[in-house]
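query.txt follows; it contains compact mmCIF, C-alpha atoms.
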# COMPACT_ATOMS: atom_id res chain seq x y z
CA ASP A 1 103.60 101.41 96.93
CA THR A 2 101.99 98.08 96.07
CA THR A 3 100.88 96.16 93.02
CA LEU A 4 97.14 96.17 92.37
CA ASN A 5 96.60 92.72 93.90
CA VAL A 6 97.91 93.67 97.39
CA ILE A 7 95.43 94.77 100.03
CA PRO A 8 96.16 96.11 103.51
CA THR A 9 94.30 94.35 106.32
CA MET A 10 94.18 94.55 110.13
CA GLY A 11 94.40 98.34 110.13
CA GLY A 12 97.26 98.40 107.63
CA LYS A 13 99.51 96.15 109.73
CA VAL A 14 99.19 93.11 107.44
CA LEU A 15 99.46 92.99 103.66
CA ALA A 16 97.67 90.21 101.80
CA SER A 17 97.57 89.29 98.14
CA LEU A 18 94.28 88.56 96.41
CA SER A 19 93.77 84.87 95.69
CA ASP A 20 90.37 84.61 93.98
CA GLY A 21 89.51 84.54 90.29
CA GLY A 22 92.99 83.69 89.08
CA CYS A 23 94.78 86.35 91.16
CA GLN A 24 96.70 83.58 92.98
CA TYR A 25 98.82 83.23 89.84
CA LEU A 26 99.94 86.87 89.86
CA ILE A 27 103.06 88.15 91.61
CA ALA A 28 102.28 90.68 94.35
CA GLY A 29 104.75 93.34 95.46
CA ALA A 30 104.95 96.01 98.14
CA ARG A 31 107.60 98.62 98.91
CA ALA A 32 108.19 101.10 101.71
CA ASN A 33 109.26 104.49 100.42
CA VAL A 34 112.06 105.68 102.67
CA GLY A 35 115.26 107.25 101.43
CA MET A 36 118.39 105.74 103.00
CA LYS A 37 121.78 107.42 102.90
CA ALA A 38 123.63 106.51 106.12
CA GLY A 39 123.17 104.36 109.23
CA ARG A 40 121.57 100.96 109.64
CA TYR A 41 118.09 100.01 108.49
CA MET A 42 116.22 96.82 109.33
CA PHE A 43 112.73 95.64 108.64
CA GLU A 44 111.00 92.37 109.40
CA THR A 45 108.29 90.40 107.70
CA ARG A 46 106.42 87.25 108.63
CA ILE A 47 104.76 84.78 106.27
CA LEU A 48 101.33 84.24 107.81
CA GLU A 49 99.73 82.08 105.15
CA VAL A 50 100.75 80.06 102.10
CA LEU A 51 97.88 78.91 99.91
CA PRO A 52 98.46 75.79 97.80
CA LEU A 53 98.05 76.11 94.07
CA PRO A 54 95.97 73.29 92.57
CA ASP A 55 98.40 72.65 89.72
CA ALA A 56 101.72 73.13 91.59
CA GLY A 57 102.26 69.37 91.86
CA GLY A 58 104.09 67.53 94.63
CA PHE A 59 103.96 68.06 98.37
CA ASP A 60 105.75 70.30 100.87
CA ARG A 61 107.76 69.24 103.94
CA LYS A 62 104.58 68.68 105.99
CA GLY A 63 102.76 66.60 103.37
CA ALA A 64 100.46 69.40 102.19
CA PRO A 65 100.03 70.19 98.48
CA ALA A 66 103.08 72.13 97.23
CA SER A 67 102.92 75.82 96.46
CA ARG A 68 104.98 77.90 94.07
CA ALA A 69 104.60 80.86 96.40
CA THR A 70 107.77 82.76 97.17
CA VAL A 71 108.68 85.72 99.33
CA ARG A 72 111.48 88.11 98.46
CA VAL A 73 112.81 90.65 100.96
CA GLY A 74 115.43 93.25 100.19
CA PHE A 75 116.17 96.75 99.00
CA SER A 76 115.94 98.63 95.72
CA THR A 77 116.41 102.09 94.28
CA ALA A 78 113.51 104.52 94.08
CA GLY A 79 112.96 104.10 90.35
CA SER A 80 113.07 100.29 90.25
CA PRO A 81 110.00 98.06 89.70
CA LEU A 82 107.86 96.98 92.68
CA VAL A 83 108.53 93.29 92.15
CA LEU A 84 112.02 92.32 93.29
CA GLY A 85 113.92 90.42 90.61
CA ASP A 86 112.84 92.57 87.68
CA SER A 87 115.75 95.03 87.75
CA GLU A 88 119.51 95.34 88.18
CA GLU A 89 118.87 98.02 90.85
CA GLN A 90 117.73 95.53 93.51
CA VAL A 91 119.25 93.19 96.10
CA PHE A 92 117.15 90.63 97.95
CA PHE A 93 116.85 87.24 99.63
CA ASP A 94 114.14 84.76 98.67
CA THR A 95 112.45 81.83 100.41
CA ASP A 96 114.84 79.38 98.73
CA GLY A 97 117.74 80.86 100.75
CA SER A 98 119.24 82.63 97.76
CA PHE A 99 120.76 86.10 97.66
CA CYS A 100 120.04 87.92 94.43
CA VAL A 101 121.70 90.97 92.91
CA GLY A 102 119.86 91.95 89.76
CA LYS A 103 119.57 88.73 87.76
CA THR A 104 122.42 86.91 89.61
CA ARG A 105 121.32 84.34 92.22
CA LYS A 106 123.54 82.61 94.79
CA PRO A 107 122.46 80.21 97.60
CA VAL A 108 123.66 81.67 100.92
CA CYS A 109 121.45 80.30 103.71
CA ARG A 110 118.70 77.86 104.62
CA LYS A 111 115.17 78.25 103.29
CA PHE A 112 112.57 80.16 105.27
CA PHE A 113 108.94 79.17 105.64
CA ARG A 114 105.54 80.17 106.96
CA ASP A 115 105.42 81.27 110.63
CA GLN A 116 109.03 82.47 110.60
CA THR A 117 110.01 86.11 111.08
CA VAL A 118 112.54 87.26 108.51
CA GLY A 119 114.58 90.43 109.01
CA VAL A 120 116.76 92.21 106.49
CA LEU A 121 119.47 94.61 107.64
CA LEU A 122 121.10 97.20 105.39
CA ASN A 123 124.28 98.59 106.93
CA LEU A 124 125.32 101.97 105.56
CA ASP A 125 127.20 102.97 108.73
CA ALA A 126 130.56 104.31 107.51
CA LYS A 127 132.16 103.51 110.90
CA SER A 128 131.18 99.83 110.81
CA GLU A 129 133.48 97.09 109.53
CA ASN A 130 130.42 95.70 107.70
CA ASN A 131 129.69 98.97 105.89
CA ASN A 132 127.68 98.64 102.65
CA THR A 133 126.40 95.13 103.41
CA ILE A 134 123.03 93.44 103.64
CA SER A 135 122.23 90.63 106.12
CA LEU A 136 119.35 88.20 106.61
CA PHE A 137 117.99 87.13 110.00
CA ILE A 138 115.49 84.29 110.49
CA ASP A 139 113.63 84.30 113.82
CA GLY A 140 116.21 86.74 115.22
CA VAL A 141 119.27 84.67 114.31
CA ARG A 142 121.72 85.70 111.59
CA ALA A 143 121.15 83.34 108.64
CA CYS A 144 124.20 84.31 106.58
CA GLN A 145 127.31 86.44 106.67
CA PRO A 146 126.94 90.13 105.72

Starting from the coordinates I provided, produce the structure as structure tokens.
Amino acid sequence: DTTLNVIPTMGGKVLASLSDGGCQYLIAGARANVGMKAGRYMFETRILEVLPLPDAGGFDRKGAPASRATVRVGFSTAGSPLVLGDSEEQVFFDTDGSFCVGKTRKPVCRKFFRDQTVGVLLNLDAKSENNNTISLFIDGVRACQP
């Protein structure tokens, strides 16, 4: 499932949001539809491009015009909205290094940026000491405690 402004590219391996005609101001969302009941589940994403917004103001860490773009990675229930952050039935990390449960936000790790691979692990393994936890990995290294 995706919002209307998300298009698959490169044979469906890359998702991109539309950025012309004002679409750069819309929030884009995508979700894999897999039911999870037990075990461990991990997926990874990589930010390939961040387009500056003309009216964002300020500059980023490399001196380029700042962007208000954000990436959120996490898990939600089947009936929740596509955009993470719009429901109490979602847990996710965002580019600011915050962990969010519903509307509650807590800083837990460093920020992540373009050209970094971000992995999210959901542990539902009943035999694990970290059962019922979610973890964030940045470039293969654990970024916060489960």

>> Give me, as a list of chain:residue names, all polymer residues having an atom no more than 12 Å from Ala32 of chain A, counting all atoms listed in the file and skipping those fewer than 3 positions away in the same chain.
In response: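 Returned residues: A:Asp1, A:Thr2, A:Gly29, A:Gly35, A:Met36, A:Met42, A:Phe43, A:Glu44, A:Val73, A:Gly74, A:Phe75, A:Ser76, A:Thr77, A:Ala78, A:Leu82.
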
>> Calculated over only C-alpha atoms, which of the candidates A:Asp115, A:Asp125, A:Asp96, A:Asp139 has the smallest distance to Leu48 of chain A?
In response: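 Residue with the minimum atom-to-atom distance to Leu48 of chain A: A:Asp115.
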
> Please, what distance in Å, to one decimal, runs between atom CA of Ile134 of chain A and atom CA of Leu122 of chain A?
Replying inline: 4.6 Å

Kindly compute an axis-aligned box around the listed atoms of segment 70-78 of chain A, allowing 6 Å on each side, and express its centre and edge lengths in Å to one decimal as lines of an AutoDock Vina configuration file.
center_x = 112.1
center_y = 93.6
center_z = 97.5
size_x = 20.6
size_y = 33.8
size_z = 18.9

> Just how far from atom CA of Lys13 of chain A is atom CA of Val101 of chain A, in Å to one decimal?
Replying inline: 28.3 Å

> Given the choices A:Pro81, A:Ala69, A:Cys144, A:Asn123, which gets closest to Phe99 of chain A if the distance is worked out from only C-alpha atoms?
Replying inline: A:Cys144

> A:Gln145, A:Lys37, A:Phe113, A:Pro107: which is nearest Thr70 of chain A, counting only C-alpha atoms?
Replying inline: A:Phe113

> With only C-alpha atoms as the basis for distance, which of A:Arg31, A:Arg72, A:Arg105, A:Arg40 is at the shortest distance from Thr133 of chain A?
Replying inline: A:Arg40

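Ranking A:Leu121, A:Ile7, A:Ala16, A:Phe137 by their shortest atom-to-atom distance to Tyr41 of chain A, with only C-alpha atoms included, puts A:Leu121 first.
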
Take segment 109-141 of chain A from the preceding structure and save N, CA, C and O atoms as a compact mmCIF listing (two decimals), in the first residue's frame.
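Contents of the output file part.txt:
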# COMPACT_ATOMS: atom_id res chain seq x y z
N CYS A 109 18.26 7.89 20.02
CA CYS A 109 19.50 7.61 19.29
C CYS A 109 19.90 8.83 18.46
O CYS A 109 19.22 9.84 18.44
N ARG A 110 21.01 8.68 17.76
CA ARG A 110 21.47 9.76 16.89
C ARG A 110 20.59 9.87 15.66
O ARG A 110 19.86 8.94 15.32
N LYS A 111 20.66 10.99 14.98
CA LYS A 111 19.90 11.21 13.75
C LYS A 111 20.46 10.32 12.65
O LYS A 111 21.62 9.93 12.67
N PHE A 112 19.63 10.03 11.66
CA PHE A 112 20.12 9.34 10.47
C PHE A 112 19.83 10.19 9.24
O PHE A 112 18.90 10.98 9.23
N PHE A 113 20.70 10.04 8.23
CA PHE A 113 20.72 10.93 7.09
C PHE A 113 20.73 10.17 5.77
O PHE A 113 20.76 8.94 5.75
N ARG A 114 20.78 10.93 4.69
CA ARG A 114 20.90 10.37 3.35
C ARG A 114 22.14 9.49 3.27
O ARG A 114 23.14 9.73 3.93
N ASP A 115 22.07 8.46 2.45
CA ASP A 115 23.14 7.50 2.19
C ASP A 115 23.44 6.58 3.37
O ASP A 115 24.48 5.94 3.40
N GLN A 116 22.55 6.52 4.34
CA GLN A 116 22.69 5.56 5.43
C GLN A 116 21.59 4.50 5.29
O GLN A 116 20.46 4.81 4.90
N THR A 117 21.94 3.26 5.61
CA THR A 117 20.96 2.18 5.60
C THR A 117 20.41 2.04 7.02
O THR A 117 21.16 1.94 7.98
N VAL A 118 19.10 2.07 7.12
CA VAL A 118 18.42 2.01 8.41
C VAL A 118 17.60 0.72 8.46
O VAL A 118 16.80 0.46 7.56
N GLY A 119 17.83 -0.08 9.49
CA GLY A 119 17.09 -1.32 9.67
C GLY A 119 16.26 -1.27 10.93
O GLY A 119 16.69 -0.74 11.95
N VAL A 120 15.07 -1.84 10.87
CA VAL A 120 14.18 -1.91 12.02
C VAL A 120 13.86 -3.37 12.28
O VAL A 120 13.45 -4.09 11.37
N LEU A 121 14.08 -3.80 13.52
CA LEU A 121 13.87 -5.19 13.91
C LEU A 121 12.73 -5.28 14.91
O LEU A 121 12.74 -4.59 15.93
N LEU A 122 11.75 -6.12 14.61
CA LEU A 122 10.65 -6.40 15.53
C LEU A 122 10.86 -7.81 16.05
O LEU A 122 10.91 -8.77 15.27
N ASN A 123 11.03 -7.95 17.35
CA ASN A 123 11.30 -9.24 17.96
C ASN A 123 10.05 -9.76 18.66
O ASN A 123 9.66 -9.25 19.71
N LEU A 124 9.43 -10.77 18.07
CA LEU A 124 8.26 -11.41 18.66
C LEU A 124 8.58 -12.84 19.07
O LEU A 124 7.67 -13.66 19.25
N ASP A 125 9.87 -13.15 19.18
CA ASP A 125 10.32 -14.49 19.54
C ASP A 125 10.11 -14.70 21.04
O ASP A 125 10.78 -14.08 21.87
N ALA A 126 9.18 -15.57 21.40
CA ALA A 126 8.82 -15.80 22.80
C ALA A 126 10.00 -16.33 23.62
O ALA A 126 10.04 -16.16 24.83
N LYS A 127 10.98 -16.96 22.98
CA LYS A 127 12.12 -17.53 23.69
C LYS A 127 13.25 -16.52 23.91
O LYS A 127 14.20 -16.80 24.61
N SER A 128 13.14 -15.36 23.33
CA SER A 128 14.18 -14.34 23.43
C SER A 128 13.99 -13.47 24.67
O SER A 128 12.86 -13.17 25.07
N GLU A 129 15.11 -13.05 25.27
CA GLU A 129 14.99 -12.13 26.41
C GLU A 129 14.50 -10.75 25.98
O GLU A 129 14.04 -9.97 26.80
N ASN A 130 14.61 -10.44 24.70
CA ASN A 130 14.13 -9.16 24.17
C ASN A 130 12.80 -9.31 23.45
O ASN A 130 12.51 -8.59 22.50
N ASN A 131 11.97 -10.25 23.90
CA ASN A 131 10.67 -10.49 23.30
C ASN A 131 9.82 -9.22 23.36
O ASN A 131 9.88 -8.46 24.32
N ASN A 132 9.04 -9.00 22.30
CA ASN A 132 8.14 -7.85 22.19
C ASN A 132 8.87 -6.52 22.23
O ASN A 132 8.46 -5.58 22.90
N THR A 133 10.00 -6.44 21.51
CA THR A 133 10.74 -5.18 21.43
C THR A 133 10.96 -4.81 19.97
O THR A 133 10.82 -5.61 19.06
N ILE A 134 11.33 -3.56 19.77
CA ILE A 134 11.68 -3.04 18.45
C ILE A 134 13.05 -2.37 18.58
O ILE A 134 13.33 -1.72 19.59
N SER A 135 13.91 -2.56 17.59
CA SER A 135 15.27 -2.01 17.62
C SER A 135 15.58 -1.32 16.31
O SER A 135 15.09 -1.70 15.25
N LEU A 136 16.45 -0.31 16.37
CA LEU A 136 16.90 0.42 15.19
C LEU A 136 18.38 0.16 14.96
O LEU A 136 19.17 0.18 15.90
N PHE A 137 18.74 -0.08 13.71
CA PHE A 137 20.13 -0.27 13.30
C PHE A 137 20.44 0.76 12.22
O PHE A 137 19.63 0.96 11.31
N ILE A 138 21.59 1.42 12.33
CA ILE A 138 22.02 2.38 11.31
C ILE A 138 23.33 1.85 10.74
O ILE A 138 24.29 1.65 11.48
N ASP A 139 23.35 1.60 9.44
CA ASP A 139 24.51 1.03 8.76
C ASP A 139 24.98 -0.26 9.44
O ASP A 139 26.19 -0.50 9.63
N GLY A 140 24.05 -1.09 9.87
CA GLY A 140 24.37 -2.39 10.45
C GLY A 140 24.73 -2.38 11.91
O GLY A 140 25.02 -3.43 12.49
N VAL A 141 24.75 -1.23 12.56
CA VAL A 141 25.13 -1.12 13.97
C VAL A 141 23.90 -0.71 14.78
O VAL A 141 23.18 0.23 14.41
